[in-house]
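Reproduced below: start20.txt, with compact mmCIF, C-alpha atoms.
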```txt
# COMPACT_ATOMS: atom_id res chain seq x y z
CA MET A 15 50.34 144.60 150.72
CA ASN A 16 50.81 144.63 154.48
CA ILE A 17 48.37 142.29 156.27
CA TRP A 18 47.38 145.10 158.64
CA ILE A 19 46.28 147.35 155.78
CA VAL A 20 44.18 144.46 154.42
CA MET A 21 42.64 143.76 157.84
CA ILE A 22 41.82 147.38 158.60
CA ALA A 23 40.35 148.01 155.14
CA LEU A 24 38.24 144.84 155.31
CA GLY A 25 37.24 145.62 158.91
CA LEU A 26 36.10 149.13 157.94
CA LEU A 27 34.17 147.92 154.87
CA THR A 28 32.48 145.22 156.95
CA PHE A 29 31.59 147.73 159.66
CA VAL A 30 30.14 150.17 157.11
CA THR A 31 28.10 147.31 155.58
CA ARG A 32 26.71 146.39 159.00
CA LEU A 33 26.00 150.02 159.89
CA SER A 34 24.46 150.94 156.52
CA PHE A 35 20.72 150.69 157.07
CA ILE A 36 20.92 151.06 160.84
CA ALA A 37 22.45 154.51 160.30
CA LEU A 38 20.39 155.55 157.26
CA MET A 39 16.92 154.44 158.31
CA GLU A 40 16.47 157.62 160.35
CA ARG A 41 16.89 159.86 157.32
CA ILE A 42 15.28 157.92 154.51
CA ARG A 43 11.85 156.33 154.49
CA LEU A 44 11.69 153.00 152.76
CA PRO A 45 8.97 152.48 150.15
CA ALA A 46 6.00 150.53 151.52
CA ILE A 47 6.86 147.37 149.59
CA LEU A 48 10.37 147.24 151.08
CA GLN A 49 8.99 147.77 154.57
CA ARG A 50 6.72 144.77 154.03
CA ALA A 51 9.66 142.81 152.63
CA LEU A 52 11.63 143.32 155.85
CA ARG A 53 9.28 140.98 157.68
CA PHE A 54 10.53 138.10 155.55
CA VAL A 55 14.25 138.81 156.01
CA PRO A 56 14.83 136.76 159.19
CA ILE A 57 12.88 133.77 157.88
CA ALA A 58 14.61 133.86 154.49
CA VAL A 59 18.12 134.31 155.93
CA LEU A 60 17.83 131.70 158.68
CA CYS A 61 16.38 129.07 156.32
CA ALA A 62 19.04 129.87 153.71
CA ILE A 63 21.71 129.21 156.36
CA ILE A 64 20.04 126.07 157.73
CA ALA A 65 19.21 124.22 154.46
CA PRO A 66 22.78 123.68 153.15
CA GLU A 67 23.89 122.71 156.68
CA LEU A 68 21.35 119.87 156.57
CA GLY A 69 21.34 119.02 152.86
CA PHE A 70 25.09 118.66 152.45
CA TYR A 71 26.86 115.74 154.11
CA LYS A 72 30.59 115.18 153.66
CA GLU A 73 30.56 118.01 151.09
CA ASN A 74 27.98 116.38 148.81
CA LEU A 75 24.33 117.23 148.35
CA SER A 76 22.44 114.28 149.85
CA LEU A 77 18.67 114.47 150.12
CA SER A 78 18.17 110.88 151.29
CA ILE A 79 17.79 108.98 154.54
CA THR A 80 21.48 108.11 154.50
CA ASN A 81 22.24 111.72 155.44
CA PRO A 82 22.21 111.94 159.26
CA ARG A 83 22.32 115.76 159.25
CA LEU A 84 19.12 115.91 157.18
CA LEU A 85 17.25 113.35 159.28
CA ALA A 86 18.36 114.86 162.60
CA GLY A 87 17.47 118.31 161.29
CA LEU A 88 13.95 117.20 160.35
CA VAL A 89 13.46 115.61 163.77
CA ALA A 90 14.74 118.81 165.40
CA THR A 91 12.28 120.85 163.32
CA MET A 92 9.40 118.73 164.64
CA VAL A 93 10.71 119.12 168.20
CA ALA A 94 10.92 122.89 167.67
CA PHE A 95 7.31 123.02 166.44
CA ARG A 96 6.08 121.01 169.44
CA THR A 97 8.19 122.46 172.26
CA LYS A 98 9.28 125.92 170.99
CA SER A 99 12.34 125.26 173.14
CA VAL A 100 15.91 125.93 171.98
CA ILE A 101 17.39 123.55 174.54
CA TRP A 102 15.12 120.61 173.63
CA THR A 103 15.65 121.21 169.91
CA ILE A 104 19.43 121.10 170.30
CA ALA A 105 19.45 118.21 172.80
CA ILE A 106 17.25 115.91 170.73
CA GLY A 107 18.72 117.05 167.41
CA MET A 108 22.31 116.34 168.58
CA ALA A 109 21.29 113.00 170.13
CA VAL A 110 19.59 111.84 166.92
CA PHE A 111 22.55 113.07 164.88
CA TRP A 112 25.09 111.16 166.99
CA ILE A 113 23.02 107.96 167.00
CA LEU A 114 22.45 108.04 163.23
CA LYS A 115 26.09 108.82 162.57
CA SER A 116 27.21 105.76 164.51
CA TRP A 117 24.77 103.58 162.53
CA LEU A 118 25.24 104.89 159.01
CA MET B 30 12.06 137.78 190.50
CA ASP B 31 10.63 138.88 187.19
CA THR B 32 12.01 142.21 186.09
CA PRO B 33 12.03 142.17 182.27
CA HIS B 34 11.94 145.98 182.00
CA ILE B 35 15.31 146.54 183.62
CA PRO B 36 18.25 146.96 181.16
CA SER B 37 20.51 144.54 183.02
CA HIS B 38 17.82 141.87 182.90
CA GLN B 39 17.58 142.26 179.12
CA PHE B 40 21.38 142.22 178.83
CA TRP B 41 21.67 138.89 180.65
CA GLN B 42 18.74 137.47 178.68
CA GLY B 43 20.73 138.29 175.54
CA VAL B 44 23.86 136.63 176.94
CA ARG B 45 21.85 133.52 177.79
CA ALA B 46 20.13 133.38 174.41
CA GLU B 47 23.55 133.30 172.74
CA LEU B 48 24.86 130.35 174.82
CA PRO B 49 23.52 127.41 172.72
CA ILE B 50 25.03 128.86 169.54
CA LEU B 51 28.45 128.91 171.18
CA LEU B 52 28.59 125.11 170.95
CA GLY B 53 28.98 125.59 167.23
CA VAL B 54 30.95 128.86 167.29
CA VAL B 55 33.78 127.88 169.64
CA PRO B 56 35.12 124.96 167.52
CA PHE B 57 34.84 127.26 164.47
CA GLY B 58 36.90 129.95 166.22
CA MET B 59 39.54 127.42 167.25
CA ILE B 60 39.82 126.07 163.72
CA TYR B 61 40.21 129.65 162.45
CA GLY B 62 43.08 130.22 164.89
CA ILE B 63 44.87 127.06 163.76
CA LEU B 64 44.27 127.78 160.08
CA ALA B 65 45.47 131.38 160.35
CA LEU B 66 48.80 130.27 161.83
CA SER B 67 49.30 127.58 159.20
CA ALA B 68 48.54 130.23 156.55
CA GLY B 69 51.56 132.15 157.81
CA LEU B 70 49.91 134.85 159.94
CA SER B 71 51.65 135.71 163.21
CA PRO B 72 49.69 134.96 166.42
CA LEU B 73 49.17 138.72 166.87
CA ASP B 74 47.81 139.16 163.32
CA ALA B 75 45.54 136.13 163.66
CA GLN B 76 44.12 137.33 166.98
CA ALA B 77 43.75 140.95 165.81
CA MET B 78 41.76 139.92 162.76
CA SER B 79 39.12 138.37 165.04
CA SER B 80 38.37 141.78 166.50
CA VAL B 81 39.24 144.08 163.57
CA VAL B 82 37.14 142.14 161.04
CA PHE B 83 34.99 139.99 163.39
CA GLY B 84 33.40 137.84 160.68
CA GLY B 85 34.18 134.12 160.65
CA SER B 86 33.77 133.23 156.98
CA SER B 87 35.64 136.30 155.74
CA GLN B 88 38.48 135.60 158.21
CA PHE B 89 38.81 132.01 156.93
CA MET B 90 38.90 133.25 153.36
CA THR B 91 41.45 135.97 154.20
CA ALA B 92 43.75 133.45 155.86
CA LYS B 93 43.49 131.12 152.87
CA LEU B 94 44.13 133.92 150.36
CA VAL B 95 47.10 135.22 152.36
CA SER B 96 48.71 131.79 152.26
CA ALA B 97 48.19 131.75 148.48
CA ALA B 98 49.98 135.14 148.24
CA THR B 99 46.89 136.81 146.75
CA PRO B 100 47.16 140.58 146.12
CA GLY B 101 45.79 142.59 149.06
CA ILE B 102 43.13 144.38 147.03
CA VAL B 103 41.67 141.03 145.90
CA ILE B 104 41.50 139.84 149.53
CA ILE B 105 39.75 143.05 150.58
CA VAL B 106 37.14 142.84 147.81
CA THR B 107 36.54 139.11 148.40
CA GLY B 108 36.03 139.63 152.14
CA PHE B 109 33.73 142.58 151.47
CA VAL B 110 31.52 140.50 149.16
CA ILE B 111 31.38 137.63 151.69
CA ASN B 112 30.21 140.11 154.33
CA LEU B 113 27.63 141.82 152.08
CA ARG B 114 24.85 139.74 153.65
CA HIS B 115 25.22 141.86 156.77
CA ALA B 116 23.57 144.76 154.92
CA LEU B 117 20.41 142.65 154.87
CA TYR B 118 20.66 142.13 158.64
CA SER B 119 21.23 145.85 159.04
CA ALA B 120 18.04 146.63 157.08
CA SER B 121 16.12 144.09 159.14
CA LEU B 122 17.23 145.53 162.50
CA ALA B 123 17.08 149.19 161.46
CA PRO B 124 13.39 149.80 162.32
CA TYR B 125 14.09 148.69 165.90
CA THR B 126 17.27 150.69 166.41
CA ARG B 127 15.98 153.95 164.90
CA HIS B 128 15.53 155.66 168.29
CA LEU B 129 19.01 154.83 169.59
CA PRO B 130 21.85 157.38 169.88
CA PRO B 131 24.67 157.09 167.28
CA ALA B 132 27.11 155.43 169.70
CA TRP B 133 24.65 152.61 170.36
CA LYS B 134 24.07 152.17 166.64
CA ALA B 135 27.81 151.96 166.01
CA VAL B 136 28.37 149.38 168.76
CA LEU B 137 25.46 147.19 167.65
CA ALA B 138 26.60 147.45 164.01
CA TYR B 139 30.12 146.37 164.98
CA LEU B 140 28.67 143.34 166.81
CA LEU B 141 26.22 142.45 164.00
CA THR B 142 27.00 138.90 162.84
CA ASP B 143 24.92 135.89 161.70
CA GLU B 144 24.71 134.52 165.23
CA MET B 145 23.95 137.83 166.96
CA TYR B 146 21.38 138.78 164.30
CA ALA B 147 19.55 135.45 164.64
CA VAL B 148 18.83 135.68 168.37
CA THR B 149 18.36 139.46 168.36
CA ILE B 150 15.80 139.69 165.55
CA VAL B 151 13.77 136.84 167.03
CA ASN B 152 13.75 138.70 170.35
CA TYR B 153 12.62 141.92 168.64
CA LEU B 154 9.86 139.96 166.87
CA SER B 155 8.56 138.45 170.11
CA GLN B 156 5.29 140.08 170.98
CA GLU B 157 6.06 141.66 174.35
CA GLU B 158 6.63 145.44 174.36
CA ILE B 159 9.91 146.08 176.09
CA THR B 160 11.81 149.34 175.69
CA HIS B 161 15.24 147.96 176.53
CA LYS B 162 15.60 145.32 173.84
CA HIS B 163 18.79 146.97 172.57
CA TRP B 164 20.36 145.74 175.83
CA PHE B 165 19.42 142.21 174.77
CA ALA B 166 21.18 142.83 171.44
CA LEU B 167 24.26 144.14 173.28
CA GLY B 168 24.30 141.12 175.61
CA SER B 169 24.10 138.59 172.81
CA GLY B 170 26.63 140.48 170.67
CA LEU B 171 29.19 140.84 173.48
CA MET B 172 28.78 137.20 174.50
CA LEU B 173 29.51 136.12 170.93
CA TRP B 174 32.39 138.59 170.58
CA THR B 175 34.07 137.41 173.78
CA SER B 176 33.69 133.75 172.82
CA TRP B 177 35.08 134.45 169.36
CA GLN B 178 38.19 136.17 170.78
CA LEU B 179 38.78 133.42 173.35
CA SER B 180 38.24 130.54 170.94
CA THR B 181 40.60 132.19 168.43
CA ALA B 182 43.21 132.43 171.20
CA VAL B 183 42.70 128.78 172.18
CA GLY B 184 43.12 127.75 168.54
CA ILE B 185 46.30 129.83 168.21
CA PHE B 186 47.97 128.74 171.44
CA LEU B 187 46.73 125.21 172.08
CA GLY B 188 45.90 123.85 168.65
CA SER B 189 42.89 121.64 168.05
CA GLN B 190 41.68 119.70 171.05
CA ILE B 191 38.16 119.08 169.76
CA PRO B 192 38.10 116.52 166.97
CA SER B 193 35.80 117.63 164.16
CA SER B 194 34.25 114.13 164.16
CA TRP B 195 32.22 115.15 167.22
CA GLY B 196 30.09 117.23 164.87
CA LEU B 197 29.57 120.03 167.40
CA ASP B 198 29.19 122.46 164.50
CA PHE B 199 25.77 120.87 164.01
CA ALA B 200 24.53 122.80 167.07
CA LEU B 201 24.53 125.94 164.91
CA PRO B 202 21.82 124.94 162.39
CA LEU B 203 19.86 123.32 165.24
CA THR B 204 19.79 126.60 167.13
CA PHE B 205 18.70 128.45 164.00
CA ILE B 206 15.88 125.91 163.52
CA ALA B 207 14.69 126.55 167.07
CA LEU B 208 14.81 130.30 166.42
CA VAL B 209 13.00 130.35 163.07
CA VAL B 210 10.18 127.90 163.83
CA PRO B 211 8.26 130.18 166.25
CA VAL B 212 8.38 132.99 163.66
CA LEU B 213 6.51 130.85 161.09
CA ARG B 214 3.06 132.17 161.93
CA ASP B 215 1.24 132.37 158.58
CA ARG B 216 1.15 131.03 155.04
CA SER B 217 3.49 133.55 153.44
CA ALA B 218 6.02 132.89 156.21
CA PHE B 219 5.95 129.18 155.29
CA VAL B 220 6.29 130.00 151.60
CA THR B 221 9.35 132.15 152.39
CA ALA B 222 10.89 129.39 154.51
CA ILE B 223 10.43 126.66 151.92
CA VAL B 224 11.62 128.76 148.98
CA ALA B 225 14.65 129.97 150.95
CA SER B 226 15.62 126.39 151.85
CA LEU B 227 15.30 125.04 148.31
CA ALA B 228 16.95 128.07 146.71
CA ALA B 229 19.84 127.88 149.20
CA LEU B 230 20.51 124.28 148.12
CA LEU B 231 20.25 125.29 144.47
CA PHE B 232 22.55 128.33 144.79
CA PHE B 233 25.00 126.69 147.19
CA GLY B 234 27.68 126.47 144.52
CA LEU B 235 27.89 130.26 144.14
CA PRO B 236 31.15 131.68 145.49
CA PHE B 237 31.64 134.15 148.38
CA LYS B 238 28.44 133.18 150.23
CA LEU B 239 26.45 134.87 147.46
CA GLY B 240 24.19 131.79 147.40
CA LEU B 241 22.80 132.91 150.75
CA LEU B 242 21.97 136.38 149.41
CA ALA B 243 20.47 135.02 146.18
CA ALA B 244 18.32 132.53 148.11
CA ALA B 245 17.18 135.19 150.59
CA PHE B 246 16.14 137.64 147.85
CA THR B 247 14.30 134.92 145.92
CA ALA B 248 12.45 133.83 149.06
CA ILE B 249 11.55 137.39 150.11
CA ALA B 250 10.08 138.04 146.65
CA CYS B 251 8.01 134.84 146.87
CA GLY B 252 6.88 135.75 150.40
CA LEU B 253 5.64 139.15 149.19
CA TRP B 254 3.95 137.56 146.20
CA SER B 255 2.14 134.96 148.33
CA GLU B 256 0.93 137.71 150.69
CA LYS B 257 -0.98 139.34 147.83
CA LYS B 258 -2.86 136.21 146.86
```
How does the structure come out when it is put into structure tokens?
Amino acid sequence: MNIWIVMIALGLLTFVTRLSFIALMERIRLPAILQRALRFVPIAVLCAIIAPELGFYKENLSLSITNPRLLAGLVATMVAFRTKSVIWTIAIGMAVFWILKSWL
Amino acid sequence: MDTPHIPSHQFWQGVRAELPILLGVVPFGMIYGILALSAGLSPLDAQAMSSVVFGGSSQFMTAKLVSAATPGIVIIVTGFVINLRHALYSASLAPYTRHLPPAWKAVLAYLLTDEMYAVTIVNYLSQEEITHKHWFALGSGLMLWTSWQLSTAVGIFLGSQIPSSWGLDFALPLTFIALVVPVLRDRSAFVTAIVASLAALLFFGLPFKLGLLAAAFTAIACGLWSEKK
């Protein structure tokens, strides 16, 4: 199959997926339980993206102090709780990551 | 000068909010460009896919499957499943975009990616009542889109100049940490966060990014359950 047909079909399907609820929400009313569930979506999704990024090091699950991504991530989490600042979280998280990586 | 209620102010706030994430996105875009060429796509095809599909993981997978001479229909279905998580983002943003005209909805939907969703939903959740928050969404989405196109082009035409050993990709989870922490305001939010993290590690082996969806649904159910107690 021509690569352009693949791209356009995948592009359209992806667009329709992204548009789905944004377009439909006007017409349908979600049941109360689903409306309450929406509050948890950003927390659930962001944590589900973050955890494997920290827990896997060199493609292996490593939940120990020899994993610099995990340690730096935990430090960054504490910085985020204290400062609520994106810049400080990234700056200190990257610094800790680089230092640990050169040690371990 | 504090003028948060002006659309252009919101737009530039959105652009600025997206900047830290770019540290992680730009190397990713460059690697995609390089990988697409080595998979046998022409420079034009590789660049076009970044705007026609505009979804990093599905573009990587498509390039890999093309090089393995996979049937087109299989590539389409695989990419579709990888991008299914965007329906969840769509549901999450929908209550805030309800009042917008169709053209706005279409543009924001086209720009809806992991990185745009993360900064946009956190902005919508921030307490202040501002009527022009869709301009923030547009600013962050366009900033990401532009960076994705440019980094793809750099990857295609210059090859890799940033060694992966720098670990710049680590800026991405760090930004997400900074975004999610302020949203953790009560017990059920913490329950959701912890369950999502553990479940994501557990389900990581699932193909096509389905681990993310499985972890998110598990965590949302636990969040709802803990709210009732």
For this session: Could you check which of B:Asn152, B:Gly240, B:Leu187, B:Val82 is closest to chain A, using only C-alpha atoms?
Result: B:Val82
Problem set entry | Residue list for chain B near chain A as an NGL selection string, 7 Å, all atoms listed in the file | :B and (78 or 81-82 or 100-101 or 105 or 108-109 or 112-113 or 115-116 or 119-123 or 126-127 or 134-135 or 138-139 or 141 or 200 or 202-207 or 209-211 or 218 or 221-222 or 225-226 or 229-230 or 241 or 244-245 or 248-249 or 252-253)
Write the residues of the selection above to a file with C-alpha atoms, as a short mmCIF file (atom, residue, chain, number, x, y, z; two decimals), keeping the file's coordinate frame.
```cif
data_model
loop_
_atom_site.label_atom_id
_atom_site.label_comp_id
_atom_site.auth_asym_id
_atom_site.auth_seq_id
_atom_site.Cartn_x
_atom_site.Cartn_y
_atom_site.Cartn_z
CA MET B 78 41.76 139.92 162.76
CA VAL B 81 39.24 144.08 163.57
CA VAL B 82 37.14 142.14 161.04
CA PRO B 100 47.16 140.58 146.12
CA GLY B 101 45.79 142.59 149.06
CA ILE B 105 39.75 143.05 150.58
CA GLY B 108 36.03 139.63 152.14
CA PHE B 109 33.73 142.58 151.47
CA ASN B 112 30.21 140.11 154.33
CA LEU B 113 27.63 141.82 152.08
CA HIS B 115 25.22 141.86 156.77
CA ALA B 116 23.57 144.76 154.92
CA SER B 119 21.23 145.85 159.04
CA ALA B 120 18.04 146.63 157.08
CA SER B 121 16.12 144.09 159.14
CA LEU B 122 17.23 145.53 162.50
CA ALA B 123 17.08 149.19 161.46
CA THR B 126 17.27 150.69 166.41
CA ARG B 127 15.98 153.95 164.90
CA LYS B 134 24.07 152.17 166.64
CA ALA B 135 27.81 151.96 166.01
CA ALA B 138 26.60 147.45 164.01
CA TYR B 139 30.12 146.37 164.98
CA LEU B 141 26.22 142.45 164.00
CA ALA B 200 24.53 122.80 167.07
CA PRO B 202 21.82 124.94 162.39
CA LEU B 203 19.86 123.32 165.24
CA THR B 204 19.79 126.60 167.13
CA PHE B 205 18.70 128.45 164.00
CA ILE B 206 15.88 125.91 163.52
CA ALA B 207 14.69 126.55 167.07
CA VAL B 209 13.00 130.35 163.07
CA VAL B 210 10.18 127.90 163.83
CA PRO B 211 8.26 130.18 166.25
CA ALA B 218 6.02 132.89 156.21
CA THR B 221 9.35 132.15 152.39
CA ALA B 222 10.89 129.39 154.51
CA ALA B 225 14.65 129.97 150.95
CA SER B 226 15.62 126.39 151.85
CA ALA B 229 19.84 127.88 149.20
CA LEU B 230 20.51 124.28 148.12
CA LEU B 241 22.80 132.91 150.75
CA ALA B 244 18.32 132.53 148.11
CA ALA B 245 17.18 135.19 150.59
CA ALA B 248 12.45 133.83 149.06
CA ILE B 249 11.55 137.39 150.11
CA GLY B 252 6.88 135.75 150.40
CA LEU B 253 5.64 139.15 149.19
#
```
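Taking atom CA of B:Leu197 as the reference point, atom CA of B:Leu48 is found at 13.6 Å.
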Exercise. Can you tell me how far atom CA of B:Ile60 sits from atom CA of A:Leu85, in Å to one decimal?
Worked result: 26.3 Å
For this session: Grab the atom CA of B:Phe186 to atom CA of B:Phe89 distance for me, in Å with one decimal place.
Result: 17.5 Å
For this session: Compile the contact shell of B:Trp177 as number ranges by chain: residues with an atom at most 10 Å away, counting all atoms listed in the file, same-chain residues fewer than 6 positions apart removed.
Result: B: 51, 54-59, 61, 76, 79-80, 83-85, 171, 183
Can you take the partial stretch 219-232 of chain B, add N, CA, C and O atoms, and return it as a tab-separated table (two decimals), in the coordinates of the input?
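Output file rebuild39.tsv is given in full below:
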```tsv
chain	number	residue	atom	x	y	z
B	219	PHE	N	5.58	130.54	155.70
B	219	PHE	CA	5.95	129.18	155.29
B	219	PHE	C	6.49	129.16	153.86
B	219	PHE	O	7.48	128.48	153.57
B	220	VAL	N	5.82	129.91	152.98
B	220	VAL	CA	6.29	130.00	151.60
B	220	VAL	C	7.73	130.50	151.58
B	220	VAL	O	8.61	129.92	150.93
B	221	THR	N	7.99	131.59	152.33
B	221	THR	CA	9.35	132.15	152.39
B	221	THR	C	10.35	131.11	152.87
B	221	THR	O	11.43	130.95	152.29
B	222	ALA	N	9.98	130.37	153.93
B	222	ALA	CA	10.89	129.39	154.51
B	222	ALA	C	11.23	128.28	153.52
B	222	ALA	O	12.39	127.90	153.37
B	223	ILE	N	10.21	127.78	152.84
B	223	ILE	CA	10.43	126.66	151.92
B	223	ILE	C	11.24	127.10	150.70
B	223	ILE	O	12.21	126.44	150.30
B	224	VAL	N	10.88	128.26	150.14
B	224	VAL	CA	11.62	128.76	148.98
B	224	VAL	C	13.08	129.04	149.36
B	224	VAL	O	14.01	128.68	148.62
B	225	ALA	N	13.27	129.65	150.53
B	225	ALA	CA	14.65	129.97	150.95
B	225	ALA	C	15.47	128.70	151.09
B	225	ALA	O	16.63	128.65	150.66
B	226	SER	N	14.88	127.64	151.66
B	226	SER	CA	15.62	126.39	151.85
B	226	SER	C	16.00	125.76	150.52
B	226	SER	O	17.16	125.38	150.31
B	227	LEU	N	15.03	125.67	149.62
B	227	LEU	CA	15.30	125.04	148.31
B	227	LEU	C	16.29	125.89	147.50
B	227	LEU	O	17.23	125.35	146.91
B	228	ALA	N	16.07	127.20	147.49
B	228	ALA	CA	16.95	128.07	146.71
B	228	ALA	C	18.37	128.03	147.27
B	228	ALA	O	19.35	128.09	146.50
B	229	ALA	N	18.50	127.92	148.60
B	229	ALA	CA	19.84	127.88	149.20
B	229	ALA	C	20.59	126.63	148.75
B	229	ALA	O	21.81	126.67	148.54
B	230	LEU	N	19.87	125.51	148.61
B	230	LEU	CA	20.51	124.28	148.12
B	230	LEU	C	20.92	124.45	146.65
B	230	LEU	O	22.00	124.06	146.24
B	231	LEU	N	20.02	125.08	145.90
B	231	LEU	CA	20.25	125.29	144.47
B	231	LEU	C	21.43	126.21	144.22
B	231	LEU	O	22.27	125.97	143.35
B	232	PHE	N	21.52	127.30	145.01
B	232	PHE	CA	22.55	128.33	144.79
B	232	PHE	C	23.81	128.08	145.60
B	232	PHE	O	24.68	128.93	145.67
```
